[in-house]
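Colleague: Mind looking over this structure? Questions follow.
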Amino acid sequence: MKLIENTSDLAQLCRDLHAFDRLAIDTEFHAEHRYIPKLMLIQIAAPSGEVWIVDPLKVSPRPLKPALETRTLILHGARQDIRLLYHTIDLKPGKILDVQQADGLLSSEYPTRLSTLISKHLHQDINKDSGLSNWSHRPLNQKQLAYAAQDALILLQLAPILEDQLKQRGRMEWAQALGEELCLSACKQHQASINDWMNWDVIPKLSAVEQHILRDLFHWREGVARHKNRPVHTILSGRIALDLARRKPSTASEILSNRRIHHGLIKHNGHALLTIIENAKAKAKLQPLLTRQESEMGRLLHWWAQVLSQSLQIAPRIMLPDALAQEIARNGLSALQGWRRDALSDHLQKFLSGQIGITVQDGKPHLAPLSAGK
């Protein structure tokens, strides 16, 4: 294990990395009170068994970009790592294998902790006690460094096992496509959770204007949070956003009729909030962003994916993300693209046409053919 804290060691590391086709990557960061977490360490492990720990508080990691973007990168729960490396060094990986996703393509469980994957596939236990260390404190102690190094090294042991199983089941290309999908999503300006409000039970009960106000409020708070580098909920909570969408206040005093709204929100953002509300109210013939029928179909598709996952051994959250379920509810089978179209279109066509239904056998839900006329 080598700690990289100066430009000369970093330059040598960049040269050394070109000897390897694949590398394992892990990061340590502090996410508290920030929109973009603060990067504290980058751990890089090579198939040779070497591990380098780059300290971005001591040396800029930007020179790593050319070496990392041309190699296959192995990660676990890679979204935040990729998002952070994109923000820090403008890294857009060419190819990744996320072992968490890989396991989700082989079982109905996802997301799964790294320690669980290690126990499941390597029959080992690892110590995760240092995960919430204060990584900003320098110098780092040996226990912290050992913890940081082990997570990167263990990924190189996990990857071949999962890749063998993926190849045996003809799913290696699916894993590669999922990696590309994850990279594109992680490198977007906004957080992956920006549209999570669409899954709230209350959404189809709102009017078209109320839905549009809510969407615009969440997009606004995302931009403010990014600009100020603060968590989105500290800008505007979901509860307050929903209240504003429902009440559609026209003045600052009307906003404050909700006793839970702090005067500071009006002082700093009152004009922006009122403008968003008025702009939506002024638009003619707005269409709902999510209808009751689409919501109900999305829920049905969710349960279908839960049941199908048991037979296909693909985690339902990988098989059918919430956003895709909504798109299918809106546009039908044409919403399925890429590997999901190959894996799911036949199953989904039979379900949507009524040939297959969810039944209960021995107290458990199953997908089974439906008798004619039912």
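How things are named: the first chain in the structure tokens is A, the next is B, and so on; residues count from 1 in each chain; ligands count from 1 in the order shown.
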As JSON, numbers by chain, which residues of segment 154-320 of chain A does DSSP assign to helix (DSSP H, G or I)?
Modeller: {"A": [154, 155, 156, 157, 158, 159, 160, 161, 162, 163, 164, 165, 166, 167, 168, 172, 173, 174, 175, 176, 177, 178, 179, 180, 181, 182, 183, 184, 185, 186, 192, 193, 194, 195, 196, 197, 198, 199, 203, 204, 205, 208, 209, 210, 211, 212, 213, 214, 215, 216, 217, 218, 219, 220, 221, 222, 223, 224, 225, 226, 227, 228, 232, 233, 234, 235, 238, 239, 240, 241, 242, 243, 244, 245, 246, 247, 252, 253, 254, 255, 263, 264, 265, 266, 267, 268, 269, 270, 271, 272, 273, 274, 275, 276, 277, 278, 279, 280, 281, 282, 292, 293, 294, 295, 296, 297, 298, 299, 300, 301, 302, 303, 304, 305, 306, 307, 308, 309, 310, 311, 312, 316, 317, 318, 319]}
Colleague: Can you write out the residues you just picked, keeping C-alpha atoms, as a short mmCIF file (atom, residue, chain, number, x, y, z; two decimals), in the first residue's frame?
Modeller:
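So the final result, stored in part.cif, reads:
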```cif
data_model
loop_
_atom_site.label_atom_id
_atom_site.label_comp_id
_atom_site.auth_asym_id
_atom_site.auth_seq_id
_atom_site.Cartn_x
_atom_site.Cartn_y
_atom_site.Cartn_z
CA ILE A 154 -11.54 -7.08 -2.24
CA LEU A 155 -13.33 -5.81 -5.35
CA LEU A 156 -10.70 -7.53 -7.50
CA GLN A 157 -11.52 -10.82 -5.80
CA LEU A 158 -15.27 -10.38 -6.20
CA ALA A 159 -15.29 -9.31 -9.84
CA PRO A 160 -14.11 -12.58 -11.50
CA ILE A 161 -16.59 -14.66 -9.51
CA LEU A 162 -19.50 -12.47 -10.53
CA GLU A 163 -18.29 -12.21 -14.12
CA ASP A 164 -18.10 -16.01 -14.43
CA GLN A 165 -21.70 -16.31 -13.21
CA LEU A 166 -22.86 -13.54 -15.53
CA LYS A 167 -21.21 -15.23 -18.51
CA GLN A 168 -22.71 -18.61 -17.61
CA MET A 172 -22.42 -10.14 -19.10
CA GLU A 173 -23.60 -7.71 -21.78
CA TRP A 174 -26.47 -6.71 -19.50
CA ALA A 175 -23.99 -5.82 -16.77
CA GLN A 176 -21.96 -3.73 -19.22
CA ALA A 177 -25.10 -1.92 -20.38
CA LEU A 178 -26.11 -1.26 -16.78
CA GLY A 179 -22.67 0.20 -16.13
CA GLU A 180 -23.04 2.56 -19.08
CA GLU A 181 -26.50 3.55 -17.87
CA LEU A 182 -25.18 4.24 -14.38
CA CYS A 183 -22.30 6.37 -15.69
CA LEU A 184 -24.62 8.51 -17.80
CA SER A 185 -26.95 9.02 -14.86
CA ALA A 186 -24.19 9.77 -12.35
CA ALA A 192 -30.69 10.76 -9.31
CA SER A 193 -33.42 11.46 -6.75
CA ILE A 194 -34.72 14.65 -8.41
CA ASN A 195 -37.87 12.89 -9.68
CA ASP A 196 -38.52 10.68 -6.65
CA TRP A 197 -41.57 12.79 -5.81
CA MET A 198 -43.33 11.20 -8.78
CA ASN A 199 -43.61 8.01 -6.73
CA ILE A 203 -49.30 12.71 -6.82
CA PRO A 204 -52.14 11.33 -9.02
CA LYS A 205 -54.63 13.04 -6.69
CA ALA A 208 -52.29 19.26 -13.32
CA VAL A 209 -51.34 22.73 -12.06
CA GLU A 210 -50.38 21.36 -8.64
CA GLN A 211 -48.22 18.64 -10.20
CA HIS A 212 -46.43 21.18 -12.40
CA ILE A 213 -45.83 23.50 -9.44
CA LEU A 214 -44.36 20.63 -7.46
CA ARG A 215 -42.08 19.58 -10.31
CA ASP A 216 -40.88 23.15 -10.85
CA LEU A 217 -40.26 23.65 -7.13
CA PHE A 218 -38.07 20.54 -7.00
CA HIS A 219 -36.11 21.58 -10.07
CA TRP A 220 -35.63 25.04 -8.57
CA ARG A 221 -34.39 23.70 -5.23
CA GLU A 222 -32.00 21.37 -7.06
CA GLY A 223 -30.37 24.32 -8.80
CA VAL A 224 -30.13 26.35 -5.60
CA ALA A 225 -28.71 23.41 -3.65
CA ARG A 226 -26.10 22.79 -6.33
CA HIS A 227 -25.13 26.48 -6.41
CA LYS A 228 -24.85 26.73 -2.62
CA VAL A 232 -31.62 19.78 -1.18
CA HIS A 233 -33.88 19.32 1.85
CA THR A 234 -32.25 22.30 3.59
CA ILE A 235 -33.38 24.52 0.72
CA GLY A 238 -40.72 17.87 0.39
CA ARG A 239 -43.49 18.51 2.90
CA ILE A 240 -43.36 22.27 2.40
CA ALA A 241 -43.14 21.91 -1.39
CA LEU A 242 -46.29 19.80 -1.40
CA ASP A 243 -48.08 22.32 0.82
CA LEU A 244 -47.17 25.18 -1.54
CA ALA A 245 -48.32 23.20 -4.58
CA ARG A 246 -51.68 22.46 -2.96
CA ARG A 247 -52.37 25.94 -1.56
CA ALA A 252 -45.64 36.05 1.11
CA SER A 253 -48.19 36.35 3.90
CA GLU A 254 -50.22 33.51 2.36
CA ILE A 255 -47.10 31.35 2.28
CA HIS A 263 -39.64 33.43 7.84
CA GLY A 264 -36.13 32.83 6.48
CA LEU A 265 -37.56 30.92 3.53
CA ILE A 266 -39.59 33.97 2.55
CA LYS A 267 -36.72 36.37 3.15
CA HIS A 268 -34.30 34.51 0.89
CA ASN A 269 -36.56 32.71 -1.59
CA GLY A 270 -40.08 34.13 -1.34
CA HIS A 271 -39.98 35.86 -4.73
CA ALA A 272 -38.68 32.74 -6.50
CA LEU A 273 -41.35 30.54 -4.94
CA LEU A 274 -44.18 32.91 -5.81
CA THR A 275 -42.88 33.24 -9.38
CA ILE A 276 -42.84 29.45 -9.85
CA ILE A 277 -46.40 29.17 -8.53
CA GLU A 278 -47.74 32.05 -10.63
CA ASN A 279 -46.04 30.80 -13.81
CA ALA A 280 -47.70 27.40 -13.46
CA LYS A 281 -51.09 28.92 -12.66
CA ALA A 282 -50.85 31.14 -15.73
CA ARG A 292 -54.43 8.12 -11.57
CA GLN A 293 -54.56 5.38 -14.23
CA GLU A 294 -50.82 5.66 -14.87
CA SER A 295 -50.13 5.55 -11.15
CA GLU A 296 -52.24 2.43 -10.70
CA MET A 297 -50.57 0.76 -13.69
CA GLY A 298 -47.16 1.69 -12.29
CA ARG A 299 -48.03 0.00 -8.98
CA LEU A 300 -49.24 -3.10 -10.80
CA LEU A 301 -46.00 -3.23 -12.80
CA HIS A 302 -44.07 -2.88 -9.57
CA TRP A 303 -45.76 -6.00 -8.15
CA TRP A 304 -45.29 -7.83 -11.45
CA ALA A 305 -41.55 -7.11 -11.30
CA GLN A 306 -41.40 -8.27 -7.68
CA VAL A 307 -42.93 -11.62 -8.60
CA LEU A 308 -41.03 -12.08 -11.87
CA SER A 309 -37.73 -11.37 -10.13
CA GLN A 310 -38.00 -14.64 -8.22
CA SER A 311 -38.05 -16.73 -11.39
CA LEU A 312 -35.61 -14.65 -13.46
CA PRO A 316 -36.76 -5.88 -9.28
CA ARG A 317 -35.17 -2.45 -8.79
CA ILE A 318 -32.70 -3.27 -11.56
CA MET A 319 -35.26 -4.99 -13.74
#
```
Colleague: Sort by chain and increasing residue number a table of all residues of segment 205-256 of chain A within 6 Å of segment 34-56 of chain A, each with its closest pair of atoms and their distance in Å to one decimal, counting only C-alpha atoms, and write it as a Markdown table.
Modeller:
```
| residue | atom | partner | partner_atom | distance |
| --- | --- | --- | --- | --- |
| A:Arg226 | CA | A:Tyr35 | CA | 5.9 |
| A:Asn229 | CA | A:Tyr35 | CA | 4.6 |
| A:Arg230 | CA | A:Arg34 | CA | 4.3 |
| A:Pro231 | CA | A:Tyr35 | CA | 4.6 |
```
Colleague: Quick one: distance from atom CA of Asp26 of chain A to atom CA of Arg83 of chain A in Å, one decimal?
Modeller: 12.3 Å
Colleague: Name the residues in contact with segment 7-15 of chain A at a cut-off of 9 Å, using only C-alpha atoms, excluding same-chain residues fewer than 5 positions from it; report them as a list in words.
Modeller: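 Residues meeting the cut-off are Trp52, Val54, Val59, Ser60, Pro61, Pro63, Leu64, Lys65, Pro66, Ala67 and Leu68 of chain A.
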Colleague: Would you write out those residues with C-alpha atoms, as a PDB file, in the first residue's frame?
Modeller:
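Ended up saving to out.pdb:
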```pdb
ATOM      1  CA  TRP A  52      -2.454   3.247  -3.950  1.00  0.00           C
ATOM      2  CA  VAL A  54      -4.421   9.160  -3.236  1.00  0.00           C
ATOM      3  CA  VAL A  59      -2.405  16.732  -4.080  1.00  0.00           C
ATOM      4  CA  SER A  60      -4.813  17.395  -6.943  1.00  0.00           C
ATOM      5  CA  PRO A  61      -6.011  14.049  -8.355  1.00  0.00           C
ATOM      6  CA  PRO A  63      -3.830  13.896 -13.539  1.00  0.00           C
ATOM      7  CA  LEU A  64      -5.480  10.515 -12.864  1.00  0.00           C
ATOM      8  CA  LYS A  65      -8.195  11.173 -15.449  1.00  0.00           C
ATOM      9  CA  PRO A  66      -6.389   9.879 -18.595  1.00  0.00           C
ATOM     10  CA  ALA A  67      -5.305   6.660 -16.911  1.00  0.00           C
ATOM     11  CA  LEU A  68      -8.668   5.887 -15.331  1.00  0.00           C
TER      12      LEU A  68
END
```
Colleague: If you measure from atom CA of Asp16 of chain A to atom CA of Lys2 of chain A, what distance in Å do you get, rounded to one decimal?
Modeller: 12.5 Å
Colleague: In segment 91-292 of chain A, what's strand (DSSP E) per DSSP? Answer as a list in words?
Modeller: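 Selection result, strand (DSSP E) within segment 91-292 of chain A: Lys95, Ile96, Leu97 and Asp98 of chain A.
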Colleague: I'd like the neighbourhood of Ala315 of chain A as a list in words, where a residue qualifies if any of its atoms comes within 6 Å (using only C-alpha atoms), though same-chain residues fewer than 3 positions away should be ignored.
Modeller: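 Final neighbour list, sorted by chain and number: Gly104, Ser107, Ser108, Glu109, Tyr110, Ser309 and Ile318 of chain A.
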Colleague: Which value, in Å to one decimal, gives the distance between atom CA of Glu32 of chain A and atom CA of Pro321 of chain A?
Modeller: 26.7 Å
Colleague: I want to know what sits within 12 Å of segment 334-337 of chain A, based on only C-alpha atoms, with residues of the same chain fewer than 2 positions away left out; could you give that as a ChimeraX atom specification?
Modeller: /A:174,177-178,181,319-321,323-332,339-349
Colleague: Generate the output file for the selected residues, N, CA and C atoms, as a tab-separated table (two decimals), in the first residue's frame.
Modeller:
```tsv
chain	number	residue	atom	x	y	z
A	174	TRP	N	-25.52	-7.48	-20.29
A	174	TRP	CA	-26.47	-6.71	-19.50
A	174	TRP	C	-25.74	-5.89	-18.44
A	177	ALA	N	-24.11	-2.94	-20.03
A	177	ALA	CA	-25.10	-1.92	-20.38
A	177	ALA	C	-25.56	-1.18	-19.13
A	178	LEU	N	-25.73	-1.91	-18.03
A	178	LEU	CA	-26.11	-1.26	-16.78
A	178	LEU	C	-25.04	-0.30	-16.31
A	181	GLU	N	-25.32	2.83	-18.32
A	181	GLU	CA	-26.50	3.55	-17.87
A	181	GLU	C	-26.21	4.30	-16.57
A	319	MET	N	-34.40	-4.57	-12.64
A	319	MET	CA	-35.26	-4.99	-13.74
A	319	MET	C	-36.18	-3.86	-14.18
A	320	LEU	N	-36.82	-3.20	-13.23
A	320	LEU	CA	-37.83	-2.21	-13.56
A	320	LEU	C	-37.75	-1.03	-12.59
A	321	PRO	N	-36.84	-0.10	-12.83
A	321	PRO	CA	-36.78	1.11	-12.00
A	321	PRO	C	-38.10	1.86	-12.03
A	323	ALA	N	-38.90	4.92	-12.59
A	323	ALA	CA	-39.11	5.81	-13.73
A	323	ALA	C	-39.51	5.02	-14.98
A	324	LEU	N	-38.96	3.83	-15.15
A	324	LEU	CA	-39.31	3.01	-16.31
A	324	LEU	C	-40.72	2.48	-16.17
A	325	ALA	N	-41.12	2.09	-14.96
A	325	ALA	CA	-42.49	1.62	-14.75
A	325	ALA	C	-43.49	2.70	-15.12
A	326	GLN	N	-43.19	3.95	-14.76
A	326	GLN	CA	-44.08	5.06	-15.12
A	326	GLN	C	-44.12	5.26	-16.64
A	327	GLU	N	-42.96	5.11	-17.29
A	327	GLU	CA	-42.92	5.29	-18.73
A	327	GLU	C	-43.70	4.19	-19.45
A	328	ILE	N	-43.60	2.96	-18.94
A	328	ILE	CA	-44.38	1.87	-19.53
A	328	ILE	C	-45.87	2.11	-19.32
A	329	ALA	N	-46.23	2.58	-18.13
A	329	ALA	CA	-47.63	2.89	-17.84
A	329	ALA	C	-48.17	3.94	-18.81
A	330	ARG	N	-47.28	4.84	-19.25
A	330	ARG	CA	-47.69	5.93	-20.13
A	330	ARG	C	-47.64	5.53	-21.61
A	331	ASN	N	-46.60	4.78	-21.98
A	331	ASN	CA	-46.34	4.55	-23.41
A	331	ASN	C	-46.35	3.08	-23.83
A	332	GLY	N	-46.54	2.17	-22.88
A	332	GLY	CA	-46.61	0.76	-23.23
A	332	GLY	C	-45.24	0.13	-23.47
A	339	TRP	N	-31.16	-4.02	-23.14
A	339	TRP	CA	-31.17	-5.35	-22.55
A	339	TRP	C	-32.49	-5.65	-21.87
A	340	ARG	N	-33.16	-4.64	-21.35
A	340	ARG	CA	-34.46	-4.89	-20.71
A	340	ARG	C	-35.50	-5.32	-21.73
A	341	ARG	N	-35.42	-4.79	-22.93
A	341	ARG	CA	-36.34	-5.23	-23.98
A	341	ARG	C	-36.12	-6.71	-24.27
A	342	ASP	N	-34.86	-7.13	-24.38
A	342	ASP	CA	-34.56	-8.54	-24.65
A	342	ASP	C	-35.02	-9.43	-23.50
A	343	ALA	N	-34.81	-8.95	-22.26
A	343	ALA	CA	-35.09	-9.79	-21.09
A	343	ALA	C	-36.56	-9.81	-20.71
A	344	LEU	N	-37.30	-8.72	-20.96
A	344	LEU	CA	-38.60	-8.57	-20.35
A	344	LEU	C	-39.78	-8.45	-21.31
A	345	SER	N	-39.53	-8.12	-22.57
A	345	SER	CA	-40.66	-7.77	-23.45
A	345	SER	C	-41.67	-8.91	-23.58
A	346	ASP	N	-41.21	-10.14	-23.72
A	346	ASP	CA	-42.14	-11.26	-23.87
A	346	ASP	C	-42.96	-11.45	-22.60
A	347	HIS	N	-42.28	-11.42	-21.45
A	347	HIS	CA	-42.99	-11.56	-20.17
A	347	HIS	C	-44.00	-10.44	-19.98
A	348	LEU	N	-43.60	-9.22	-20.30
A	348	LEU	CA	-44.47	-8.08	-20.07
A	348	LEU	C	-45.65	-8.07	-21.05
A	349	GLN	N	-45.39	-8.45	-22.30
A	349	GLN	CA	-46.47	-8.49	-23.28
A	349	GLN	C	-47.57	-9.47	-22.84
```
